$ cat work-v8.cif   # mmCIF, C-alpha atoms
data_input
#
loop_
_atom_site.group_PDB
_atom_site.id
_atom_site.type_symbol
_atom_site.label_atom_id
_atom_site.label_comp_id
_atom_site.auth_asym_id
_atom_site.auth_seq_id
_atom_site.Cartn_x
_atom_site.Cartn_y
_atom_site.Cartn_z
ATOM 1 C CA MET A 1 14.336 4.043 12.118
ATOM 2 C CA LYS A 2 13.832 0.785 13.969
ATOM 3 C CA GLN A 3 14.820 -1.016 17.130
ATOM 4 C CA GLN A 4 15.295 -4.680 17.986
ATOM 5 C CA VAL A 5 13.188 -6.591 20.549
ATOM 6 C CA GLU A 6 12.390 -10.215 21.355
ATOM 7 C CA VAL A 7 9.132 -11.757 20.121
ATOM 8 C CA LYS A 8 7.940 -12.362 23.705
ATOM 9 C CA GLU A 9 7.896 -8.557 24.274
ATOM 10 C CA LEU A 10 5.463 -7.875 21.408
ATOM 11 C CA LYS A 11 1.850 -6.931 22.175
ATOM 12 C CA GLU A 12 -1.360 -6.649 20.145
ATOM 13 C CA GLY A 13 -1.880 -3.169 18.731
ATOM 14 C CA LYS A 14 1.865 -2.420 18.658
ATOM 15 C CA TYR A 15 4.080 -2.449 15.572
ATOM 16 C CA VAL A 16 6.511 -4.950 14.040
ATOM 17 C CA ILE A 17 8.450 -5.161 10.767
ATOM 18 C CA ILE A 18 7.518 -8.141 8.581
ATOM 19 C CA ASP A 19 8.964 -8.434 5.059
ATOM 20 C CA ASP A 20 10.506 -4.937 5.375
ATOM 21 C CA GLU A 21 7.058 -3.414 5.955
ATOM 22 C CA ALA A 22 5.757 -1.706 9.102
ATOM 23 C CA CYS A 23 2.752 -3.683 10.396
ATOM 24 C CA VAL A 24 0.200 -3.401 13.221
ATOM 25 C CA ILE A 25 -0.002 -6.605 15.296
ATOM 26 C CA LYS A 26 -3.530 -8.069 15.310
ATOM 27 C CA SER A 27 -2.922 -11.320 17.201
ATOM 28 C CA ILE A 28 -0.165 -13.280 18.906
ATOM 29 C CA THR A 29 -0.518 -16.954 19.832
ATOM 30 C CA LYS A 30 2.161 -18.722 21.838
ATOM 31 C CA SER A 31 2.685 -22.460 22.206
ATOM 32 C CA LYS A 32 4.251 -24.224 25.163
ATOM 33 C CA PRO A 33 7.847 -25.407 24.881
ATOM 34 C CA GLY A 34 8.266 -28.958 23.642
ATOM 35 C CA LYS A 35 10.581 -31.712 24.831
ATOM 36 C CA HIS A 36 13.515 -30.530 22.712
ATOM 37 C CA GLY A 37 12.683 -26.979 21.827
ATOM 38 C CA ALA A 38 11.639 -23.531 22.844
ATOM 39 C CA ALA A 39 8.173 -22.030 22.851
ATOM 40 C CA LYS A 40 6.987 -20.739 19.494
ATOM 41 C CA ALA A 41 4.896 -17.683 18.689
ATOM 42 C CA ARG A 42 2.709 -16.925 15.680
ATOM 43 C CA VAL A 43 2.319 -13.209 14.990
ATOM 44 C CA GLU A 44 -0.397 -12.017 12.603
ATOM 45 C CA ALA A 45 -0.288 -8.400 11.469
ATOM 46 C CA ILE A 46 -1.637 -5.990 8.864
ATOM 47 C CA GLY A 47 0.595 -3.638 6.858
ATOM 48 C CA LEU A 48 0.400 -0.043 8.070
ATOM 49 C CA PHE A 49 0.803 1.457 4.597
ATOM 50 C CA ASP A 50 -0.518 -1.232 2.211
ATOM 51 C CA GLY A 51 -3.164 -3.047 4.330
ATOM 52 C CA GLN A 52 -1.853 -6.538 3.451
ATOM 53 C CA LYS A 53 -2.100 -9.347 5.998
ATOM 54 C CA ARG A 54 1.276 -10.791 7.014
ATOM 55 C CA SER A 55 2.394 -13.342 9.583
ATOM 56 C CA PHE A 56 5.486 -15.072 10.855
ATOM 57 C CA ILE A 57 6.249 -17.951 13.195
ATOM 58 C CA GLY A 58 9.339 -18.022 15.368
ATOM 59 C CA SER A 59 10.769 -18.794 18.761
ATOM 60 C CA VAL A 60 9.744 -16.385 21.530
ATOM 61 C CA ALA A 61 13.453 -15.643 22.036
ATOM 62 C CA THR A 62 13.926 -14.606 18.384
ATOM 63 C CA LYS A 63 14.812 -10.958 17.909
ATOM 64 C CA VAL A 64 12.671 -8.937 15.492
ATOM 65 C CA TYR A 65 12.681 -5.314 14.458
ATOM 66 C CA VAL A 66 10.039 -2.835 15.592
ATOM 67 C CA PRO A 67 9.589 0.373 13.563
ATOM 68 C CA ILE A 68 9.586 3.737 15.270
ATOM 69 C CA VAL A 69 6.204 5.142 14.227
ATOM 70 C CA GLU A 70 5.641 8.857 14.707
ATOM 71 C CA ARG A 71 2.328 10.700 14.584
ATOM 72 C CA LYS A 72 2.753 14.313 13.511
ATOM 73 C CA THR A 73 0.583 17.231 12.454
ATOM 74 C CA ALA A 74 0.844 19.275 9.297
ATOM 75 C CA GLN A 75 -0.945 22.172 7.664
ATOM 76 C CA VAL A 76 -2.355 21.720 4.164
ATOM 77 C CA ILE A 77 -0.728 24.398 1.997
ATOM 78 C CA SER A 78 -2.309 23.522 -1.342
ATOM 79 C CA ILE A 79 -4.255 20.787 -3.111
ATOM 80 C CA THR A 80 -3.693 19.968 -6.783
ATOM 81 C CA GLY A 81 -5.897 17.132 -8.034
ATOM 82 C CA ASP A 82 -5.337 14.274 -5.587
ATOM 83 C CA ILE A 83 -1.962 15.542 -4.302
ATOM 84 C CA ALA A 84 -1.708 17.725 -1.213
ATOM 85 C CA GLN A 85 1.287 19.822 -0.271
ATOM 86 C CA LEU A 86 1.781 19.740 3.514
ATOM 87 C CA MET A 87 3.979 21.701 5.924
ATOM 88 C CA ASP A 88 5.043 19.876 9.094
ATOM 89 C CA MET A 89 4.099 21.870 12.196
ATOM 90 C CA GLY A 90 7.217 20.729 14.086
ATOM 91 C CA ASP A 91 10.113 21.438 11.743
ATOM 92 C CA PHE A 92 8.241 23.426 9.037
ATOM 93 C CA SER A 93 9.454 21.162 6.227
ATOM 94 C CA THR A 94 7.172 20.762 3.212
ATOM 95 C CA PHE A 95 6.302 17.571 1.351
ATOM 96 C CA GLU A 96 3.666 16.189 -0.973
ATOM 97 C CA ILE A 97 1.352 13.257 -0.337
ATOM 98 C CA VAL A 98 -1.346 11.522 -2.371
ATOM 99 C CA ILE A 99 -4.798 11.931 -0.813
ATOM 100 C CA PRO A 100 -6.662 8.589 -0.585
ATOM 101 C CA ASP A 101 -10.223 8.574 -1.974
ATOM 102 C CA GLU A 102 -11.834 8.193 1.468
ATOM 103 C CA TYR A 103 -10.155 11.413 2.729
ATOM 104 C CA LYS A 104 -10.747 13.674 -0.307
ATOM 105 C CA ASP A 105 -13.680 15.515 1.326
ATOM 106 C CA LYS A 106 -11.877 15.874 4.697
ATOM 107 C CA VAL A 107 -8.626 17.464 3.464
ATOM 108 C CA LYS A 108 -9.018 21.216 2.923
ATOM 109 C CA GLU A 109 -6.471 23.978 2.326
ATOM 110 C CA GLY A 110 -5.377 25.846 5.457
ATOM 111 C CA GLU A 111 -6.480 23.112 7.897
ATOM 112 C CA GLU A 112 -4.273 20.994 10.133
ATOM 113 C CA ILE A 113 -4.258 17.231 9.675
ATOM 114 C CA SER A 114 -2.337 14.386 11.294
ATOM 115 C CA TYR A 115 -0.101 11.914 9.518
ATOM 116 C CA ILE A 116 1.996 8.850 10.328
ATOM 117 C CA THR A 117 5.615 8.338 9.329
ATOM 118 C CA ALA A 118 7.629 5.104 9.624
ATOM 119 C CA LEU A 119 10.522 3.581 7.675
ATOM 120 C CA GLY A 120 10.619 6.573 5.347
ATOM 121 C CA LYS A 121 6.957 6.253 4.336
ATOM 122 C CA VAL A 122 4.160 8.723 5.044
ATOM 123 C CA LYS A 123 0.405 8.148 5.375
ATOM 124 C CA LEU A 124 -2.508 10.422 6.299
ATOM 125 C CA ASP A 125 -4.100 9.555 9.654
ATOM 126 C CA ILE A 126 -7.438 11.352 9.738
ATOM 127 C CA ARG A 127 -9.652 10.133 12.556
ATOM 128 C CA THR A 128 -13.297 11.007 12.660
#
$ encode --input "work-v8.cif" --output "structure tokens"
Amino acid sequence: MKQQVEVKELKEGKYVIIDDEACVIKSITKSKPGKHGAAKARVEAIGLFDGQKRSFIGSVATKVYVPIVERKTAQVISITGDIAQLMDMGDFSTFEIVIPDEYKDKVKEGEEISYITALGKVKLDIRT
């Protein structure tokens, strides 16, 4: 799910969709309007799910899409290799997710963990 906003409404730390990927905004620089044009903005962001750096330049009046990012909690039902089966604590649906290497020692059966979902993708969000 996504919604449309103007570039001038974006803020650092919020989310934006660049190249069909949900990204966290790291910096926004705006230029003054010129003699024959509108002010421009350069938005630099990092992909929420892949970690790639992305940027775009456009008028501050340009409309862009912002993903609806949800943070949810789930209980770990089982772990098989590097795949964990989780049950959402809100709607009790079950799904599987690959455990990244840095979280392997933190994900244990029976415990609750948090995860992020946006644009149909899911990622573990374990904060220490």
$ residues_around --input "work-v8.cif" --residues "Gly13 of chain A" --least-positions-apart "4" --cutoff "8 Å" --atoms "only C-alpha atoms" --output "list in words"
Val24, Ile25 and Lys26 of chain A
$ residues_around --input "work-v8.cif" --residues "segment 2-4 of chain A" --least-positions-apart "6" --cutoff "6 Å" --atoms "all atoms listed in the file" --output "MDAnalysis selection string"
chainID A and resid 64:68
$ residues_near_point --input "work-v8.cif" --point "(2.7, -14.1, 15.8)" --cutoff "6 Å" --atoms "all atoms listed in the file" --output "ChimeraX atom specification"
/A:28-29,41-44,56-57
$ resolve_selection --input "work-v8.cif" --expression "the PyMOL selection byres ((chain A and resi 103-119) around 7)" --output "list of chain:residue names"
A:Met1, A:Pro67, A:Ile68, A:Val69, A:Glu70, A:Arg71, A:Lys72, A:Thr73, A:Ala74, A:Gln75, A:Val76, A:Ile77, A:Ser78, A:Ile79, A:Ile99, A:Pro100, A:Asp101, A:Glu102, A:Gly120, A:Lys121, A:Val122, A:Lys123, A:Leu124, A:Asp125, A:Ile126
$ resolve_selection --input "work-v8.cif" --expression "the PyMOL selection byres ((chain A and resi 21) around 9)" --output "number ranges by chain"
A: 16-20, 22-23, 47-50, 67, 119
$ axis_aligned_box --input "work-v8.cif" --around "segment 50-64 of chain A" --padding-each-side "8 Å" --output "AutoDock Vina command-line options"
--center_x 5.8 --center_y -10.0 --center_z 12.1 --size_x 34.0 --size_y 33.6 --size_z 35.8
$ atom_distance --input "work-v8.cif" --atom1 "atom CA of Val60 of chain A" --atom2 "atom CA of Lys11 of chain A"
12.3 Å
$ closest_residue --input "work-v8.cif" --among "A:Lys40, A:Thr80, A:Met89, A:Tyr15" --to "Gly58 of chain A" --atoms "only C-alpha atoms"
A:Lys40
$ atom_distance --input "work-v8.cif" --atom1 "atom CA of Lys30 of chain A" --atom2 "atom CA of Leu10 of chain A"
11.3 Å
$ closest_residue --input "work-v8.cif" --among "A:Ser27, A:Asp82, A:Phe92, A:Ala38" --to "Lys53 of chain A" --atoms "only C-alpha atoms"
A:Ser27
$ resolve_selection --input "work-v8.cif" --expression "the PyMOL selection byres ((chain A and resi 63) around 6)" --output "PyMOL selection string"
chain A and resi 5-6+62+64
$ write_last_selection --input "work-v8.cif" --atoms "C-alpha atoms" --output "short mmCIF file (atom, residue, chain, number, x, y, z; two decimals), in the frame of the given file"
data_model
loop_
_atom_site.label_atom_id
_atom_site.label_comp_id
_atom_site.auth_asym_id
_atom_site.auth_seq_id
_atom_site.Cartn_x
_atom_site.Cartn_y
_atom_site.Cartn_z
CA VAL A 5 13.19 -6.59 20.55
CA GLU A 6 12.39 -10.22 21.36
CA THR A 62 13.93 -14.61 18.38
CA VAL A 64 12.67 -8.94 15.49
#
$ atom_distance --input "work-v8.cif" --atom1 "atom CA of Ala61 of chain A" --atom2 "atom CA of Lys14 of chain A"
17.9 Å
$ closest_residue --input "work-v8.cif" --among "A:Gln52, A:Gln85, A:Ser59, A:Ser93" --to "Lys8 of chain A" --atoms "all atoms listed in the file"
A:Ser59
$ decode --input "work-v8.cif" --residues "segment 21-53 of chain A" --atoms "N, CA and C atoms" --output "PDB file, in the first residue's frame"
ATOM      1  N   GLU A  21      10.969   0.600  -4.859  1.00  0.00           N
ATOM      2  CA  GLU A  21      11.547   0.047  -3.639  1.00  0.00           C
ATOM      3  C   GLU A  21      11.313   1.023  -2.491  1.00  0.00           C
ATOM      4  N   ALA A  22      10.867   0.508  -1.350  1.00  0.00           N
ATOM      5  CA  ALA A  22      10.672   1.347  -0.166  1.00  0.00           C
ATOM      6  C   ALA A  22      12.040   1.763   0.357  1.00  0.00           C
ATOM      7  N   CYS A  23      12.233   3.066   0.601  1.00  0.00           N
ATOM      8  CA  CYS A  23      13.522   3.593   1.036  1.00  0.00           C
ATOM      9  C   CYS A  23      13.345   4.533   2.219  1.00  0.00           C
ATOM     10  N   VAL A  24      14.379   4.612   3.070  1.00  0.00           N
ATOM     11  CA  VAL A  24      14.425   5.559   4.182  1.00  0.00           C
ATOM     12  C   VAL A  24      15.187   6.776   3.697  1.00  0.00           C
ATOM     13  N   ILE A  25      14.621   7.972   3.867  1.00  0.00           N
ATOM     14  CA  ILE A  25      15.254   9.208   3.405  1.00  0.00           C
ATOM     15  C   ILE A  25      16.398   9.573   4.342  1.00  0.00           C
ATOM     16  N   LYS A  26      17.602   9.755   3.774  1.00  0.00           N
ATOM     17  CA  LYS A  26      18.774  10.141   4.555  1.00  0.00           C
ATOM     18  C   LYS A  26      19.062  11.632   4.463  1.00  0.00           C
ATOM     19  N   SER A  27      18.815  12.243   3.303  1.00  0.00           N
ATOM     20  CA  SER A  27      19.033  13.686   3.180  1.00  0.00           C
ATOM     21  C   SER A  27      18.173  14.263   2.066  1.00  0.00           C
ATOM     22  N   ILE A  28      17.793  15.511   2.265  1.00  0.00           N
ATOM     23  CA  ILE A  28      17.036  16.268   1.259  1.00  0.00           C
ATOM     24  C   ILE A  28      17.696  17.631   1.129  1.00  0.00           C
ATOM     25  N   THR A  29      18.082  17.999  -0.088  1.00  0.00           N
ATOM     26  CA  THR A  29      18.625  19.340  -0.327  1.00  0.00           C
ATOM     27  C   THR A  29      17.725  20.023  -1.340  1.00  0.00           C
ATOM     28  N   LYS A  30      17.383  21.269  -1.052  1.00  0.00           N
ATOM     29  CA  LYS A  30      16.492  22.029  -1.926  1.00  0.00           C
ATOM     30  C   LYS A  30      17.229  23.242  -2.459  1.00  0.00           C
ATOM     31  N   SER A  31      17.007  23.536  -3.748  1.00  0.00           N
ATOM     32  CA  SER A  31      17.603  24.720  -4.356  1.00  0.00           C
ATOM     33  C   SER A  31      16.529  25.800  -4.480  1.00  0.00           C
ATOM     34  N   LYS A  32      16.973  27.023  -4.638  1.00  0.00           N
ATOM     35  CA  LYS A  32      16.022  28.127  -4.803  1.00  0.00           C
ATOM     36  C   LYS A  32      15.487  28.121  -6.219  1.00  0.00           C
ATOM     37  N   PRO A  33      14.281  28.655  -6.416  1.00  0.00           N
ATOM     38  CA  PRO A  33      13.731  28.693  -7.776  1.00  0.00           C
ATOM     39  C   PRO A  33      14.551  29.624  -8.668  1.00  0.00           C
ATOM     40  N   GLY A  34      14.697  29.221  -9.911  1.00  0.00           N
ATOM     41  CA  GLY A  34      15.440  30.034 -10.875  1.00  0.00           C
ATOM     42  C   GLY A  34      14.530  31.030 -11.572  1.00  0.00           C
ATOM     43  N   LYS A  35      15.082  31.704 -12.576  1.00  0.00           N
ATOM     44  CA  LYS A  35      14.348  32.730 -13.303  1.00  0.00           C
ATOM     45  C   LYS A  35      13.144  32.149 -14.044  1.00  0.00           C
ATOM     46  N   HIS A  36      13.302  30.958 -14.597  1.00  0.00           N
ATOM     47  CA  HIS A  36      12.218  30.365 -15.392  1.00  0.00           C
ATOM     48  C   HIS A  36      11.733  29.024 -14.859  1.00  0.00           C
ATOM     49  N   GLY A  37      12.016  28.718 -13.624  1.00  0.00           N
ATOM     50  CA  GLY A  37      11.633  27.396 -13.172  1.00  0.00           C
ATOM     51  C   GLY A  37      11.300  27.343 -11.700  1.00  0.00           C
ATOM     52  N   ALA A  38      10.940  26.175 -11.290  1.00  0.00           N
ATOM     53  CA  ALA A  38      10.561  25.948  -9.890  1.00  0.00           C
ATOM     54  C   ALA A  38      11.771  25.449  -9.109  1.00  0.00           C
ATOM     55  N   ALA A  39      11.648  25.476  -7.802  1.00  0.00           N
ATOM     56  CA  ALA A  39      12.707  24.967  -6.940  1.00  0.00           C
ATOM     57  C   ALA A  39      12.845  23.460  -7.139  1.00  0.00           C
ATOM     58  N   LYS A  40      14.066  22.980  -7.051  1.00  0.00           N
ATOM     59  CA  LYS A  40      14.339  21.561  -7.217  1.00  0.00           C
ATOM     60  C   LYS A  40      14.761  20.971  -5.874  1.00  0.00           C
ATOM     61  N   ALA A  41      14.556  19.665  -5.740  1.00  0.00           N
ATOM     62  CA  ALA A  41      14.970  18.966  -4.529  1.00  0.00           C
ATOM     63  C   ALA A  41      15.717  17.701  -4.927  1.00  0.00           C
ATOM     64  N   ARG A  42      16.784  17.412  -4.180  1.00  0.00           N
ATOM     65  CA  ARG A  42      17.526  16.163  -4.372  1.00  0.00           C
ATOM     66  C   ARG A  42      17.306  15.326  -3.122  1.00  0.00           C
ATOM     67  N   VAL A  43      16.736  14.129  -3.320  1.00  0.00           N
ATOM     68  CA  VAL A  43      16.436  13.240  -2.203  1.00  0.00           C
ATOM     69  C   VAL A  43      17.369  12.037  -2.294  1.00  0.00           C
ATOM     70  N   GLU A  44      18.115  11.792  -1.216  1.00  0.00           N
ATOM     71  CA  GLU A  44      18.997  10.631  -1.141  1.00  0.00           C
ATOM     72  C   GLU A  44      18.432   9.693  -0.095  1.00  0.00           C
ATOM     73  N   ALA A  45      18.338   8.413  -0.443  1.00  0.00           N
ATOM     74  CA  ALA A  45      17.709   7.435   0.443  1.00  0.00           C
ATOM     75  C   ALA A  45      18.418   6.097   0.342  1.00  0.00           C
ATOM     76  N   ILE A  46      18.138   5.229   1.325  1.00  0.00           N
ATOM     77  CA  ILE A  46      18.694   3.882   1.350  1.00  0.00           C
ATOM     78  C   ILE A  46      17.534   2.895   1.386  1.00  0.00           C
ATOM     79  N   GLY A  47      17.624   1.857   0.555  1.00  0.00           N
ATOM     80  CA  GLY A  47      16.570   0.846   0.456  1.00  0.00           C
ATOM     81  C   GLY A  47      16.315   0.167   1.793  1.00  0.00           C
ATOM     82  N   LEU A  48      15.062   0.052   2.158  1.00  0.00           N
ATOM     83  CA  LEU A  48      14.669  -0.544   3.437  1.00  0.00           C
ATOM     84  C   LEU A  48      14.954  -2.040   3.469  1.00  0.00           C
ATOM     85  N   PHE A  49      14.803  -2.722   2.338  1.00  0.00           N
ATOM     86  CA  PHE A  49      14.958  -4.164   2.305  1.00  0.00           C
ATOM     87  C   PHE A  49      16.272  -4.628   1.690  1.00  0.00           C
ATOM     88  N   ASP A  50      16.884  -3.823   0.802  1.00  0.00           N
ATOM     89  CA  ASP A  50      18.122  -4.265   0.149  1.00  0.00           C
ATOM     90  C   ASP A  50      19.349  -3.438   0.534  1.00  0.00           C
ATOM     91  N   GLY A  51      19.173  -2.296   1.210  1.00  0.00           N
ATOM     92  CA  GLY A  51      20.301  -1.489   1.677  1.00  0.00           C
ATOM     93  C   GLY A  51      21.010  -0.705   0.593  1.00  0.00           C
ATOM     94  N   GLN A  52      20.480  -0.648  -0.631  1.00  0.00           N
ATOM     95  CA  GLN A  52      21.124   0.093  -1.713  1.00  0.00           C
ATOM     96  C   GLN A  52      20.816   1.580  -1.618  1.00  0.00           C
ATOM     97  N   LYS A  53      21.808   2.395  -1.977  1.00  0.00           N
ATOM     98  CA  LYS A  53      21.638   3.849  -1.972  1.00  0.00           C
ATOM     99  C   LYS A  53      20.940   4.261  -3.273  1.00  0.00           C
TER     100      LYS A  53
END
